[in-house]
Amino acid sequence: MGKKGKFYTVWKGKKPGIYDSWVACKAAINKEKGAQYKSFPTFEAAKKAFNGSYDDYRGKKITTSLSKAELDKIGQLNYNSIAVDAASSGNPGIMEYRGVDTQTAKELFKQGPFKQGTNNIGEFLALVHGLAYLKKNNSNRIIYTDSRTAMSWVRKKKCNSKLKESKKNEDVFELIRRAEDWLKTNTYTTTIVKWETKAWGEIPADFGRK
């Protein structure tokens, strides 16, 4: 069972949860009568299953749309990380963003909702907030984002949104200025990594509005 790329959901055992190796999974179910567990090709699939019922998955074959070569190229999901994401109801529209622990999806920080913003702005602010959060906590964790635009803006230390500032969004633009200033006056060693949705499912910080 323990081939590269598998994740293990344990519904019933010594310590229910999601594991990224068969060794860890086995330790969680060893000698447990009636243990309930199953392997999945992605973390998100395992997470979704954990939030559901074992009976919904028992005896069913779970597959991924990506080939083994594609999964090998992407590599393993790094649990020593946080994940950030944003949501916007309309573009522009009501916007918010947050950061979570990748493995547990525990919320670490959240801002909003704001009256007017865009998804790209939210993704940018979330990423900078995540970088500041990790630096403040002297953490060696990496940070995942599913936005290439946000990654580009962070590299350039500039939010290149076409949204015009107004009374309705002045709080968002104040955050943008603070974020840009932070990038220009701080250094960081955190590795920013693109979240591979096709391999791992939706990013754990996703607001679930798709």
# chains A, B, ... in the order shown; residues from 1 in each chain; ligands from 1

call {"tool": "residues_around", "arguments": {"residues": "A:Ser147", "least_positions_apart": "2", "cutoff": "8 Å", "atoms": "only C-alpha atoms", "output": "list of chain:residue names"}}
result
A:Asn120, A:Glu123, A:Thr145, A:Thr149, A:Ala150, A:Met151, A:Lys194

call {"tool": "residues_around", "arguments": {"residues": "A:Ser139", "least_positions_apart": "2", "cutoff": "10 Å", "atoms": "only C-alpha atoms", "output": "JSON, numbers by chain"}}
result
{"A": [80, 81, 131, 133, 134, 135, 136, 137, 141, 142, 189, 190]}

call {"tool": "residues_around", "arguments": {"residues": "A:Trp153", "least_positions_apart": "3", "cutoff": "12 Å", "atoms": "only C-alpha atoms", "output": "mmCIF file with C-alpha atoms, in the first residue's frame"}}
result
data_model
loop_
_atom_site.group_PDB
_atom_site.id
_atom_site.type_symbol
_atom_site.label_atom_id
_atom_site.label_comp_id
_atom_site.auth_asym_id
_atom_site.auth_seq_id
_atom_site.Cartn_x
_atom_site.Cartn_y
_atom_site.Cartn_z
ATOM 1 C CA ASN A 120 -6.489 38.599 -6.980
ATOM 2 C CA ILE A 121 -6.150 41.325 -4.354
ATOM 3 C CA GLY A 122 -7.332 38.900 -1.693
ATOM 4 C CA GLU A 123 -4.846 36.257 -2.827
ATOM 5 C CA PHE A 124 -2.028 38.834 -2.727
ATOM 6 C CA LEU A 125 -2.966 40.068 0.751
ATOM 7 C CA ALA A 126 -3.323 36.496 2.018
ATOM 8 C CA LEU A 127 0.119 35.570 0.732
ATOM 9 C CA VAL A 128 1.827 38.616 2.274
ATOM 10 C CA SER A 147 -2.604 31.933 -7.365
ATOM 11 C CA ARG A 148 0.250 32.494 -9.817
ATOM 12 C CA THR A 149 -0.853 36.136 -10.017
ATOM 13 C CA ALA A 150 -0.329 36.617 -6.276
ATOM 14 C CA LYS A 156 7.490 42.388 -7.784
ATOM 15 C CA LYS A 157 6.490 43.758 -4.343
ATOM 16 C CA LYS A 158 3.574 45.449 -6.036
ATOM 17 C CA CYS A 159 -0.173 44.802 -6.213
ATOM 18 C CA ASN A 160 -0.939 45.395 -9.894
ATOM 19 C CA SER A 161 -4.707 45.421 -9.587
ATOM 20 C CA ILE A 176 -2.478 46.858 0.050
ATOM 21 C CA ALA A 179 1.471 44.783 2.375
ATOM 22 C CA GLU A 180 3.614 46.484 -0.257
ATOM 23 C CA LEU A 183 7.555 43.482 1.225
#

call {"tool": "residues_around", "arguments": {"residues": "A:Lys33", "least_positions_apart": "4", "cutoff": "12 Å", "atoms": "only C-alpha atoms", "output": "ChimeraX atom specification"}}
result
/A:12-14,28-29

call {"tool": "write_last_selection", "arguments": {"atoms": "N, CA and C atoms", "output": "JSON list (two decimals), in the first residue's frame"}}
result
[["chain", "number", "residue", "atom", "x", "y", "z"],
["A", 12, "LYS", "N", -11.56, 5.12, 12.33],
["A", 12, "LYS", "CA", -11.62, 4.48, 13.65],
["A", 12, "LYS", "C", -10.29, 3.79, 13.92],
["A", 13, "GLY", "N", -9.66, 4.15, 15.02],
["A", 13, "GLY", "CA", -8.36, 3.59, 15.37],
["A", 13, "GLY", "C", -7.85, 4.24, 16.64],
["A", 14, "LYS", "N", -6.57, 4.07, 16.94],
["A", 14, "LYS", "CA", -5.99, 4.67, 18.13],
["A", 14, "LYS", "C", -6.05, 6.20, 18.06],
["A", 28, "ALA", "N", -1.50, 3.75, 13.70],
["A", 28, "ALA", "CA", -2.76, 4.31, 14.21],
["A", 28, "ALA", "C", -3.87, 3.28, 14.31],
["A", 29, "ILE", "N", -3.71, 2.15, 13.61],
["A", 29, "ILE", "CA", -4.78, 1.14, 13.61],
["A", 29, "ILE", "C", -4.35, -0.20, 14.19]]

call {"tool": "atom_distance", "arguments": {"atom1": "atom CA of A:Gln36", "atom2": "atom CA of A:Trp200"}}
result
22.4 Å

call {"tool": "decode", "arguments": {"residues": "stretch 116-152 of chain A", "atoms": "N, CA, C and O atoms", "output": "PDB file, in the first residue's frame"}}
result
ATOM      1  N   GLN A 116     -15.549  45.815  -0.774  1.00  0.00           N
ATOM      2  CA  GLN A 116     -15.185  45.698  -2.190  1.00  0.00           C
ATOM      3  C   GLN A 116     -13.713  45.322  -2.357  1.00  0.00           C
ATOM      4  O   GLN A 116     -12.826  45.941  -1.782  1.00  0.00           O
ATOM      5  N   GLY A 117     -13.505  44.295  -3.140  1.00  0.00           N
ATOM      6  CA  GLY A 117     -12.158  43.840  -3.467  1.00  0.00           C
ATOM      7  C   GLY A 117     -12.250  42.869  -4.622  1.00  0.00           C
ATOM      8  O   GLY A 117     -13.333  42.634  -5.169  1.00  0.00           O
ATOM      9  N   THR A 118     -11.121  42.313  -5.013  1.00  0.00           N
ATOM     10  CA  THR A 118     -11.109  41.293  -6.066  1.00  0.00           C
ATOM     11  C   THR A 118     -10.421  40.050  -5.523  1.00  0.00           C
ATOM     12  O   THR A 118      -9.712  40.104  -4.513  1.00  0.00           O
ATOM     13  N   ASN A 119     -10.611  38.954  -6.213  1.00  0.00           N
ATOM     14  CA  ASN A 119      -9.988  37.717  -5.775  1.00  0.00           C
ATOM     15  C   ASN A 119      -8.466  37.822  -5.811  1.00  0.00           C
ATOM     16  O   ASN A 119      -7.773  37.368  -4.895  1.00  0.00           O
ATOM     17  N   ASN A 120      -7.937  38.456  -6.871  1.00  0.00           N
ATOM     18  CA  ASN A 120      -6.489  38.599  -6.980  1.00  0.00           C
ATOM     19  C   ASN A 120      -5.908  39.438  -5.840  1.00  0.00           C
ATOM     20  O   ASN A 120      -4.847  39.115  -5.301  1.00  0.00           O
ATOM     21  N   ILE A 121      -6.606  40.511  -5.479  1.00  0.00           N
ATOM     22  CA  ILE A 121      -6.150  41.325  -4.354  1.00  0.00           C
ATOM     23  C   ILE A 121      -6.159  40.490  -3.079  1.00  0.00           C
ATOM     24  O   ILE A 121      -5.211  40.527  -2.273  1.00  0.00           O
ATOM     25  N   GLY A 122      -7.235  39.746  -2.878  1.00  0.00           N
ATOM     26  CA  GLY A 122      -7.332  38.900  -1.693  1.00  0.00           C
ATOM     27  C   GLY A 122      -6.219  37.868  -1.634  1.00  0.00           C
ATOM     28  O   GLY A 122      -5.638  37.614  -0.566  1.00  0.00           O
ATOM     29  N   GLU A 123      -5.914  37.258  -2.774  1.00  0.00           N
ATOM     30  CA  GLU A 123      -4.846  36.257  -2.827  1.00  0.00           C
ATOM     31  C   GLU A 123      -3.489  36.902  -2.493  1.00  0.00           C
ATOM     32  O   GLU A 123      -2.665  36.308  -1.790  1.00  0.00           O
ATOM     33  N   PHE A 124      -3.269  38.109  -3.004  1.00  0.00           N
ATOM     34  CA  PHE A 124      -2.028  38.834  -2.727  1.00  0.00           C
ATOM     35  C   PHE A 124      -1.911  39.155  -1.239  1.00  0.00           C
ATOM     36  O   PHE A 124      -0.875  38.895  -0.607  1.00  0.00           O
ATOM     37  N   LEU A 125      -2.984  39.716  -0.666  1.00  0.00           N
ATOM     38  CA  LEU A 125      -2.966  40.068   0.751  1.00  0.00           C
ATOM     39  C   LEU A 125      -2.794  38.825   1.626  1.00  0.00           C
ATOM     40  O   LEU A 125      -2.079  38.864   2.637  1.00  0.00           O
ATOM     41  N   ALA A 126      -3.436  37.737   1.249  1.00  0.00           N
ATOM     42  CA  ALA A 126      -3.323  36.496   2.018  1.00  0.00           C
ATOM     43  C   ALA A 126      -1.886  35.988   2.015  1.00  0.00           C
ATOM     44  O   ALA A 126      -1.367  35.528   3.050  1.00  0.00           O
ATOM     45  N   LEU A 127      -1.249  36.068   0.851  1.00  0.00           N
ATOM     46  CA  LEU A 127       0.119  35.570   0.732  1.00  0.00           C
ATOM     47  C   LEU A 127       1.088  36.421   1.564  1.00  0.00           C
ATOM     48  O   LEU A 127       1.940  35.891   2.287  1.00  0.00           O
ATOM     49  N   VAL A 128       0.950  37.741   1.488  1.00  0.00           N
ATOM     50  CA  VAL A 128       1.827  38.616   2.274  1.00  0.00           C
ATOM     51  C   VAL A 128       1.556  38.429   3.766  1.00  0.00           C
ATOM     52  O   VAL A 128       2.489  38.378   4.580  1.00  0.00           O
ATOM     53  N   HIS A 129       0.283  38.318   4.130  1.00  0.00           N
ATOM     54  CA  HIS A 129      -0.072  38.082   5.532  1.00  0.00           C
ATOM     55  C   HIS A 129       0.561  36.778   6.014  1.00  0.00           C
ATOM     56  O   HIS A 129       1.101  36.708   7.129  1.00  0.00           O
ATOM     57  N   GLY A 130       0.523  35.757   5.162  1.00  0.00           N
ATOM     58  CA  GLY A 130       1.125  34.475   5.514  1.00  0.00           C
ATOM     59  C   GLY A 130       2.622  34.584   5.715  1.00  0.00           C
ATOM     60  O   GLY A 130       3.196  33.998   6.653  1.00  0.00           O
ATOM     61  N   LEU A 131       3.283  35.321   4.840  1.00  0.00           N
ATOM     62  CA  LEU A 131       4.731  35.515   4.964  1.00  0.00           C
ATOM     63  C   LEU A 131       5.068  36.231   6.273  1.00  0.00           C
ATOM     64  O   LEU A 131       6.009  35.854   6.986  1.00  0.00           O
ATOM     65  N   ALA A 132       4.295  37.268   6.594  1.00  0.00           N
ATOM     66  CA  ALA A 132       4.523  38.020   7.830  1.00  0.00           C
ATOM     67  C   ALA A 132       4.238  37.143   9.053  1.00  0.00           C
ATOM     68  O   ALA A 132       4.958  37.205  10.055  1.00  0.00           O
ATOM     69  N   TYR A 133       3.195  36.333   8.955  1.00  0.00           N
ATOM     70  CA  TYR A 133       2.822  35.436  10.059  1.00  0.00           C
ATOM     71  C   TYR A 133       3.948  34.440  10.351  1.00  0.00           C
ATOM     72  O   TYR A 133       4.326  34.235  11.508  1.00  0.00           O
ATOM     73  N   LEU A 134       4.495  33.838   9.312  1.00  0.00           N
ATOM     74  CA  LEU A 134       5.559  32.850   9.486  1.00  0.00           C
ATOM     75  C   LEU A 134       6.836  33.501  10.008  1.00  0.00           C
ATOM     76  O   LEU A 134       7.534  32.932  10.852  1.00  0.00           O
ATOM     77  N   LYS A 135       7.139  34.699   9.512  1.00  0.00           N
ATOM     78  CA  LYS A 135       8.342  35.386   9.988  1.00  0.00           C
ATOM     79  C   LYS A 135       8.189  35.765  11.459  1.00  0.00           C
ATOM     80  O   LYS A 135       9.124  35.582  12.257  1.00  0.00           O
ATOM     81  N   LYS A 136       7.032  36.280  11.832  1.00  0.00           N
ATOM     82  CA  LYS A 136       6.784  36.678  13.216  1.00  0.00           C
ATOM     83  C   LYS A 136       6.924  35.494  14.163  1.00  0.00           C
ATOM     84  O   LYS A 136       7.417  35.636  15.295  1.00  0.00           O
ATOM     85  N   ASN A 137       6.513  34.316  13.706  1.00  0.00           N
ATOM     86  CA  ASN A 137       6.567  33.114  14.536  1.00  0.00           C
ATOM     87  C   ASN A 137       7.860  32.322  14.350  1.00  0.00           C
ATOM     88  O   ASN A 137       7.975  31.203  14.852  1.00  0.00           O
ATOM     89  N   ASN A 138       8.800  32.915  13.595  1.00  0.00           N
ATOM     90  CA  ASN A 138      10.102  32.272  13.363  1.00  0.00           C
ATOM     91  C   ASN A 138       9.923  30.836  12.880  1.00  0.00           C
ATOM     92  O   ASN A 138      10.583  29.903  13.339  1.00  0.00           O
ATOM     93  N   SER A 139       8.993  30.657  11.950  1.00  0.00           N
ATOM     94  CA  SER A 139       8.640  29.323  11.462  1.00  0.00           C
ATOM     95  C   SER A 139       9.417  28.959  10.200  1.00  0.00           C
ATOM     96  O   SER A 139       9.671  29.809   9.345  1.00  0.00           O
ATOM     97  N   ASN A 140       9.762  27.676  10.089  1.00  0.00           N
ATOM     98  CA  ASN A 140      10.458  27.195   8.895  1.00  0.00           C
ATOM     99  C   ASN A 140       9.493  26.568   7.889  1.00  0.00           C
ATOM    100  O   ASN A 140       9.912  25.943   6.924  1.00  0.00           O
ATOM    101  N   ARG A 141       8.203  26.735   8.116  1.00  0.00           N
ATOM    102  CA  ARG A 141       7.219  26.147   7.208  1.00  0.00           C
ATOM    103  C   ARG A 141       7.194  26.867   5.860  1.00  0.00           C
ATOM    104  O   ARG A 141       7.520  28.051   5.772  1.00  0.00           O
ATOM    105  N   ILE A 142       6.789  26.149   4.820  1.00  0.00           N
ATOM    106  CA  ILE A 142       6.591  26.758   3.514  1.00  0.00           C
ATOM    107  C   ILE A 142       5.162  27.274   3.437  1.00  0.00           C
ATOM    108  O   ILE A 142       4.349  27.030   4.345  1.00  0.00           O
ATOM    109  N   ILE A 143       4.840  27.991   2.363  1.00  0.00           N
ATOM    110  CA  ILE A 143       3.487  28.514   2.209  1.00  0.00           C
ATOM    111  C   ILE A 143       2.948  28.158   0.828  1.00  0.00           C
ATOM    112  O   ILE A 143       3.639  28.327  -0.177  1.00  0.00           O
ATOM    113  N   TYR A 144       1.732  27.640   0.800  1.00  0.00           N
ATOM    114  CA  TYR A 144       1.073  27.274  -0.453  1.00  0.00           C
ATOM    115  C   TYR A 144       0.042  28.330  -0.854  1.00  0.00           C
ATOM    116  O   TYR A 144      -0.710  28.838  -0.022  1.00  0.00           O
ATOM    117  N   THR A 145       0.011  28.634  -2.149  1.00  0.00           N
ATOM    118  CA  THR A 145      -1.036  29.470  -2.730  1.00  0.00           C
ATOM    119  C   THR A 145      -1.412  28.867  -4.070  1.00  0.00           C
ATOM    120  O   THR A 145      -0.568  28.280  -4.755  1.00  0.00           O
ATOM    121  N   ASP A 146      -2.672  28.989  -4.460  1.00  0.00           N
ATOM    122  CA  ASP A 146      -3.064  28.477  -5.784  1.00  0.00           C
ATOM    123  C   ASP A 146      -3.118  29.601  -6.817  1.00  0.00           C
ATOM    124  O   ASP A 146      -3.644  29.422  -7.917  1.00  0.00           O
ATOM    125  N   SER A 147      -2.560  30.772  -6.472  1.00  0.00           N
ATOM    126  CA  SER A 147      -2.604  31.933  -7.365  1.00  0.00           C
ATOM    127  C   SER A 147      -1.224  32.300  -7.902  1.00  0.00           C
ATOM    128  O   SER A 147      -0.377  32.813  -7.165  1.00  0.00           O
ATOM    129  N   ARG A 148      -1.010  32.066  -9.190  1.00  0.00           N
ATOM    130  CA  ARG A 148       0.250  32.494  -9.817  1.00  0.00           C
ATOM    131  C   ARG A 148       0.328  34.019  -9.869  1.00  0.00           C
ATOM    132  O   ARG A 148       1.414  34.596  -9.809  1.00  0.00           O
ATOM    133  N   THR A 149      -0.827  34.677  -9.994  1.00  0.00           N
ATOM    134  CA  THR A 149      -0.853  36.136 -10.017  1.00  0.00           C
ATOM    135  C   THR A 149      -0.321  36.696  -8.701  1.00  0.00           C
ATOM    136  O   THR A 149       0.520  37.604  -8.689  1.00  0.00           O
ATOM    137  N   ALA A 150      -0.800  36.159  -7.588  1.00  0.00           N
ATOM    138  CA  ALA A 150      -0.329  36.617  -6.276  1.00  0.00           C
ATOM    139  C   ALA A 150       1.164  36.382  -6.113  1.00  0.00           C
ATOM    140  O   ALA A 150       1.884  37.235  -5.578  1.00  0.00           O
ATOM    141  N   MET A 151       1.639  35.244  -6.587  1.00  0.00           N
ATOM    142  CA  MET A 151       3.071  34.942  -6.500  1.00  0.00           C
ATOM    143  C   MET A 151       3.881  35.971  -7.281  1.00  0.00           C
ATOM    144  O   MET A 151       4.923  36.452  -6.828  1.00  0.00           O
ATOM    145  N   SER A 152       3.376  36.335  -8.466  1.00  0.00           N
ATOM    146  CA  SER A 152       4.055  37.324  -9.307  1.00  0.00           C
ATOM    147  C   SER A 152       4.068  38.694  -8.648  1.00  0.00           C
ATOM    148  O   SER A 152       5.095  39.383  -8.631  1.00  0.00           O
TER     149      SER A 152
END
